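See below for target-v8.txt, which holds compact mmCIF, C-alpha atoms.
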```txt
# COMPACT_ATOMS: atom_id res chain seq x y z
CA MET V 1 89.86 113.04 83.35
CA GLU V 2 93.07 111.63 81.96
CA GLN V 3 94.29 113.68 79.00
CA LYS V 4 94.72 111.77 75.76
CA THR V 5 97.41 114.16 74.56
CA LYS V 6 100.25 114.89 76.94
CA ILE V 7 103.21 117.20 76.63
CA HIS V 8 106.54 116.96 78.33
CA ALA V 9 108.81 120.00 77.98
CA GLU V 10 111.30 120.36 80.79
CA PRO V 11 112.84 123.80 81.33
CA GLY V 12 116.31 124.13 79.86
CA LYS V 13 116.05 121.13 77.56
CA GLN V 14 116.26 121.08 73.77
CA GLU V 15 113.34 118.75 73.34
CA ILE V 16 109.59 118.38 73.50
CA VAL V 17 107.83 115.06 73.85
CA VAL V 18 104.16 114.83 72.94
CA THR V 19 102.30 111.57 73.52
CA ARG V 20 98.83 110.60 72.41
CA ASP V 21 96.60 107.62 73.07
CA PHE V 22 94.37 106.73 70.14
CA ASP V 23 91.22 104.62 70.05
CA LEU V 24 92.47 103.32 66.73
CA PRO V 25 94.58 100.38 65.55
CA VAL V 26 98.17 101.47 65.03
CA ALA V 27 97.92 100.90 61.25
CA LEU V 28 95.25 103.62 60.93
CA VAL V 29 97.29 106.15 62.87
CA PHE V 30 100.27 105.42 60.65
CA LYS V 31 98.07 105.71 57.57
CA ALA V 32 96.96 109.18 58.70
CA TYR V 33 100.61 110.25 58.53
CA THR V 34 101.42 108.76 55.16
CA GLU V 35 98.35 109.43 52.99
CA PRO V 36 98.50 113.02 51.71
CA GLU V 37 94.71 113.56 51.50
CA ILE V 38 94.20 112.36 55.05
CA LEU V 39 97.17 114.25 56.47
CA ALA V 40 95.90 117.43 54.81
CA GLN V 41 92.57 117.06 56.60
CA TRP V 42 93.71 116.62 60.18
CA MET V 43 96.75 118.91 59.95
CA GLY V 44 94.62 121.60 58.28
CA THR V 45 97.20 122.25 55.59
CA LYS V 46 97.74 121.77 51.89
CA VAL V 47 100.09 118.85 51.30
CA ALA V 48 102.17 119.82 48.26
CA LYS V 49 104.51 116.86 48.50
CA LEU V 50 104.73 113.71 50.61
CA GLU V 51 107.32 111.18 49.52
CA CYS V 52 107.10 108.53 52.22
CA GLN V 53 110.43 106.79 51.82
CA SER V 54 113.93 107.20 53.19
CA PHE V 55 115.30 110.53 51.96
CA GLY V 56 112.04 111.42 50.33
CA SER V 57 110.81 114.89 51.19
CA TYR V 58 107.58 116.59 52.11
CA ARG V 59 106.17 120.08 51.83
CA PHE V 60 103.10 121.57 53.50
CA GLU V 61 101.70 124.93 52.47
CA THR V 62 99.36 126.62 54.89
CA THR V 63 97.56 129.83 54.03
CA ASP V 64 96.69 132.05 56.97
CA PRO V 65 93.55 134.22 57.14
CA MET V 66 95.56 137.17 55.78
CA GLY V 67 96.44 135.15 52.71
CA ASN V 68 100.09 134.60 53.62
CA VAL V 69 101.45 131.20 52.71
CA HIS V 70 103.57 129.45 55.35
CA VAL V 71 105.73 126.59 54.17
CA PHE V 72 106.72 123.64 56.34
CA SER V 73 109.10 121.15 54.82
CA GLY V 74 111.52 118.37 55.61
CA THR V 75 113.04 115.04 54.71
CA PHE V 76 112.10 111.56 55.83
CA HIS V 77 115.07 109.62 57.13
CA GLU V 78 113.44 106.42 58.22
CA ILE V 79 109.99 105.02 57.66
CA VAL V 80 109.05 101.69 59.23
CA PRO V 81 105.37 100.92 58.55
CA ASP V 82 103.21 101.00 61.70
CA LYS V 83 106.28 101.60 63.84
CA LYS V 84 108.40 104.61 63.14
CA ILE V 85 108.90 107.81 61.18
CA THR V 86 112.06 109.86 61.56
CA ARG V 87 111.97 113.18 59.76
CA THR V 88 113.36 116.68 59.80
CA PHE V 89 110.98 119.63 60.06
CA LEU V 90 111.55 123.22 59.04
CA MET V 91 109.33 126.27 59.14
CA GLU V 92 110.67 128.14 56.15
CA ASN V 93 111.56 131.83 56.38
CA THR V 94 110.91 132.08 60.10
CA GLY V 95 114.45 132.14 61.47
CA PHE V 96 113.87 128.74 63.04
CA GLU V 97 116.43 126.04 62.33
CA VAL V 98 115.62 122.49 61.37
CA GLN V 99 114.32 120.24 64.11
CA ILE V 100 114.37 116.45 64.15
CA GLU V 101 111.18 114.54 64.84
CA TYR V 102 111.03 110.94 65.96
CA LEU V 103 107.53 109.50 65.71
CA ASP V 104 107.08 106.16 67.41
CA PHE V 105 103.87 104.27 66.73
CA GLU V 106 102.96 101.61 69.24
CA SER V 107 100.16 99.08 69.23
CA VAL V 108 98.48 98.82 72.62
CA SER V 109 95.74 96.39 71.57
CA GLU V 110 93.82 95.56 68.40
CA SER V 111 91.84 98.77 68.72
CA LYS V 112 94.18 101.03 70.67
CA SER V 113 97.53 102.60 69.95
CA LYS V 114 99.95 105.17 71.21
CA LEU V 115 102.02 107.77 69.40
CA THR V 116 105.13 109.36 70.87
CA MET V 117 106.43 112.43 69.07
CA HIS V 118 109.91 113.37 70.19
CA MET V 119 111.14 116.69 68.78
CA VAL V 120 114.75 117.76 69.15
CA PHE V 121 115.83 121.37 68.59
CA ARG V 122 119.16 123.01 67.84
CA SER V 123 119.03 125.08 71.03
CA VAL V 124 116.95 125.59 74.14
CA GLU V 125 116.06 129.02 72.73
CA PHE V 126 114.52 127.55 69.58
CA ARG V 127 112.62 125.00 71.64
CA ASP V 128 111.22 127.70 73.89
CA LYS V 129 110.43 129.96 70.97
CA LEU V 130 108.37 127.24 69.38
CA LEU V 131 106.51 126.56 72.62
CA GLN V 132 105.64 130.18 73.16
CA MET V 133 105.09 131.08 69.53
CA PRO V 134 101.86 132.91 69.41
CA PHE V 135 100.75 129.84 67.55
CA ALA V 136 97.97 132.23 66.92
CA PHE V 137 97.83 131.41 63.26
CA GLY V 138 98.52 127.72 63.64
CA LEU V 139 96.04 127.25 66.41
CA ASN V 140 93.25 129.39 65.02
CA MET V 141 93.65 127.98 61.60
CA ALA V 142 93.60 124.42 62.80
CA HIS V 143 90.39 125.20 64.67
CA ASN V 144 88.77 126.95 61.73
CA ARG V 145 89.68 124.20 59.30
CA LEU V 146 88.32 121.58 61.60
CA GLU V 147 85.10 123.47 62.10
CA ASP V 148 84.76 123.57 58.32
CA ILE V 149 85.38 119.86 58.00
CA PHE V 150 82.96 118.82 60.70
CA LYS V 151 80.14 121.22 59.86
CA MET N 1 108.47 149.32 85.33
CA LYS N 2 107.50 146.22 83.43
CA SER N 3 110.37 143.86 82.95
CA ARG N 4 111.38 143.09 79.42
CA ARG N 5 113.14 139.94 80.50
CA ASP N 6 112.13 136.70 78.92
CA VAL N 7 111.00 134.05 81.40
CA PHE N 8 112.23 131.26 79.17
CA GLN N 9 115.64 132.88 78.96
CA ALA N 10 115.64 133.07 82.73
CA ILE N 11 114.92 129.40 83.27
CA ALA N 12 117.29 128.23 80.52
CA ASP N 13 120.22 128.80 82.88
CA PRO N 14 121.14 125.79 85.07
CA THR N 15 122.05 127.89 88.13
CA ARG N 16 118.78 129.78 87.95
CA ARG N 17 116.87 126.52 87.61
CA ALA N 18 118.68 125.25 90.70
CA ILE N 19 117.65 128.40 92.57
CA ILE N 20 114.03 127.85 91.49
CA ALA N 21 114.26 124.27 92.73
CA LEU N 22 115.51 125.48 96.13
CA LEU N 23 112.78 128.09 96.40
CA ALA N 24 110.14 125.60 95.40
CA VAL N 25 110.77 123.88 98.74
CA GLN N 26 110.92 126.98 100.93
CA ALA N 27 111.47 130.73 100.95
CA LEU N 28 115.13 131.57 101.56
CA THR N 29 117.36 134.51 102.34
CA PRO N 30 119.96 135.47 99.71
CA GLY N 31 122.68 134.10 102.01
CA ALA N 32 120.92 130.75 102.39
CA ILE N 33 120.52 130.48 98.60
CA ALA N 34 124.20 131.32 98.00
CA GLU N 35 125.32 128.65 100.49
CA ASN N 36 124.12 126.00 98.07
CA PHE N 37 126.56 127.07 95.38
CA ASP N 38 130.32 127.26 95.00
CA THR N 39 129.89 130.35 92.84
CA ALA N 40 130.68 133.81 94.18
CA ARG N 41 127.83 135.31 96.16
CA GLN N 42 127.73 138.24 93.78
CA THR N 43 127.05 135.90 90.85
CA ILE N 44 124.17 134.31 92.74
CA SER N 45 122.79 137.77 93.56
CA LYS N 46 122.83 138.57 89.85
CA HIS N 47 120.90 135.37 89.11
CA ILE N 48 118.36 136.20 91.81
CA GLN N 49 118.02 139.68 90.35
CA ILE N 50 117.24 138.25 86.91
CA LEU N 51 114.67 135.87 88.39
CA THR N 52 113.12 138.79 90.26
CA GLU N 53 113.03 141.00 87.18
CA CYS N 54 111.06 138.44 85.25
CA GLU N 55 108.80 138.01 88.29
CA LEU N 56 109.52 134.33 88.77
CA VAL N 57 110.82 135.16 92.23
CA ARG N 58 109.49 137.68 94.69
CA GLN N 59 111.31 139.53 97.40
CA GLU N 60 109.70 139.85 100.80
CA ASN N 61 110.91 141.69 103.87
CA LYS N 62 110.66 139.63 107.02
CA GLY N 63 111.74 141.83 109.88
CA ARG N 64 115.25 142.85 109.07
CA GLU N 65 115.73 139.97 106.67
CA ILE N 66 114.97 139.65 103.00
CA VAL N 67 113.58 136.34 101.83
CA TYR N 68 112.87 135.21 98.31
CA HIS N 69 110.01 132.99 97.31
CA LEU N 70 108.62 131.64 94.07
CA ASN N 71 105.81 133.40 92.29
CA PRO N 72 103.41 130.52 91.60
CA GLN N 73 101.40 132.64 89.16
CA LYS N 74 104.41 133.11 86.90
CA MET N 75 105.37 129.45 87.16
CA LYS N 76 101.86 128.64 86.03
CA GLU N 77 102.27 130.89 83.00
CA ILE N 78 105.25 128.82 81.89
CA ALA N 79 103.15 125.71 82.19
CA GLU N 80 100.39 127.38 80.19
CA TRP N 81 102.68 128.16 77.29
CA ALA N 82 103.33 124.47 76.95
CA GLU N 83 99.60 123.91 77.51
CA GLN N 84 98.73 125.99 74.45
CA TYR N 85 101.08 123.89 72.35
CA ARG N 86 99.58 120.74 73.84
CA GLN N 87 96.11 121.91 72.87
CA LEU N 88 97.23 122.51 69.30
CA TRP N 89 98.27 118.87 69.01
CA ASP N 90 95.25 117.67 70.93
CA THR N 91 92.99 119.39 68.39
CA ARG N 92 94.89 117.84 65.49
CA PHE N 93 94.95 114.37 67.02
CA ASN N 94 91.23 114.53 67.84
CA ALA N 95 90.63 115.30 64.17
CA LEU N 96 92.92 112.46 63.12
CA GLU N 97 90.96 110.09 65.34
CA ASP N 98 87.59 111.24 64.01
CA ILE N 99 88.71 110.96 60.40
CA MET N 100 90.32 107.53 60.80
CA LYS N 101 87.33 106.04 62.61
CA LYS N 102 85.62 106.04 59.22
CA TYR N 103 88.21 103.49 58.07
CA LEU N 104 87.51 101.07 60.92
```
Any chance you could give the structure as structure tokens?
Amino acid sequence: MEQKTKIHAEPGKQEIVVTRDFDLPVALVFKAYTEPEILAQWMGTKVAKLECQSFGSYRFETTDPMGNVHVFSGTFHEIVPDKKITRTFLMENTGFEVQIEYLDFESVSESKSKLTMHMVFRSVEFRDKLLQMPFAFGLNMAHNRLEDIFK
Amino acid sequence: MKSRRDVFQAIADPTRRAIIALLAVQALTPGAIAENFDTARQTISKHIQILTECELVRQENKGREIVYHLNPQKMKEIAEWAEQYRQLWDTRFNALEDIMKKYL
């Protein structure tokens, strides 16, 4: 079966491209990125701040099962409704440097859309580190949160 | 002894990626690999050694010759690291889709 979420991460490159086909109109996918309550649900994080405008900032606080709080923050550089979000992304206190994320929202039909998430890293090492990060906490937490939501 | 070398570090180098590309087509002797590069043979040997240490490449004795070939298992591991990251986003996007369907 064709995968709805695809990843493209060539060896030796400073980028990751993730694409996703949605059975949703593009406006709803965009809304899921710009409404704090909705974003909090599907990202499985607390949204402490989400200023959706050029040079507005955002801050996510995620508590892991051990009670540690992980902070993810950044600045929006460009927001074009139903089309594009350009933002920086930083995992605070991890040694990672800021990455740039280009989110392109595309309407395929009235009920279908496509999202392309292009992430650019400072170095190949940071890119690879992110890919191989034991995403243990991120992954498990996302799963747990979702199980809670859909119980 | 288990190698402490990082596979990602190994494939971040353009020469080593070129060697992997060559070996993906066929197993080659060290001499045949070196012929593809302008670099000193010793430098290529060092690259092959690094690839061997992180188990991306395996050495095999064929008669009196040594040939190197790719270790498909290790190549698969690299793919799986990306796969784990893909699954993380797949889980999130599935949730996004489920949540937003209520707004249809």
Output the contact residues of chain N with respect to chain V at a cut-off of 7 Å, based on only C-alpha atoms, as a compact mmCIF listing (two decimals) with C-alpha atoms, in the frame of the given file.
```
# COMPACT_ATOMS: atom_id res chain seq x y z
CA PHE N 8 112.23 131.26 79.17
CA ILE N 11 114.92 129.40 83.27
CA ALA N 12 117.29 128.23 80.52
CA ASP N 13 120.22 128.80 82.88
CA TRP N 81 102.68 128.16 77.29
CA ALA N 82 103.33 124.47 76.95
CA TYR N 85 101.08 123.89 72.35
CA ARG N 86 99.58 120.74 73.84
CA LEU N 88 97.23 122.51 69.30
CA ASP N 90 95.25 117.67 70.93
CA ARG N 92 94.89 117.84 65.49
CA ALA N 95 90.63 115.30 64.17
CA LEU N 96 92.92 112.46 63.12
CA GLU N 97 90.96 110.09 65.34
CA MET N 100 90.32 107.53 60.80
```
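Residues in contact with V:Glu78 at 6 Å, where all atoms listed in the file are counted and same-chain residues fewer than 6 positions away are skipped, are listed as Ser54, Ile85 and Thr86 of chain V.
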Applying 10 Å and all atoms listed in the file, which residues near stretch 60-75 of chain N remain after dropping the ones on its own chain fewer than 6 positions away? List them as JSON, numbers by chain. {"N": [7, 19, 20, 21, 22, 23, 24, 25, 26, 27, 28, 29, 30, 31, 32, 33, 48, 51, 52, 54]}
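Here atom CA of N:Tyr103 and atom CA of V:Cys52 stand 20.4 Å from one another.
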| Between atom CA of V:Ser73 and atom CA of V:Ser57, what is the spacing in Å? |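 Taking atom CA of V:Ser57 and atom CA of V:Ser73, their separation equals 7.4 Å.
Put simply, atom CA of V:His77 is 21.8 Å away from atom CA of V:Phe126.
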Q. Skipping near chain neighbours, those fewer than 2 positions away, what residues fall within 10 Å of V:Glu92 using all atoms listed in the file, listed as a count of residues only?
A. 12
Using all atoms listed in the file, which residues sit within 6 Å of V:Gln99 once same-chain residues fewer than 3 positions away are excluded, as a count of residues only?
-> 4
Which residue is closest to V:Ala27? Choose from N:Lys101, N:Arg58, N:Lys76, N:His47 and count all atoms listed in the file.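 Ranking N:Lys101, N:Arg58, N:Lys76, N:His47 by distance to V:Ala27, first place goes to N:Lys101.
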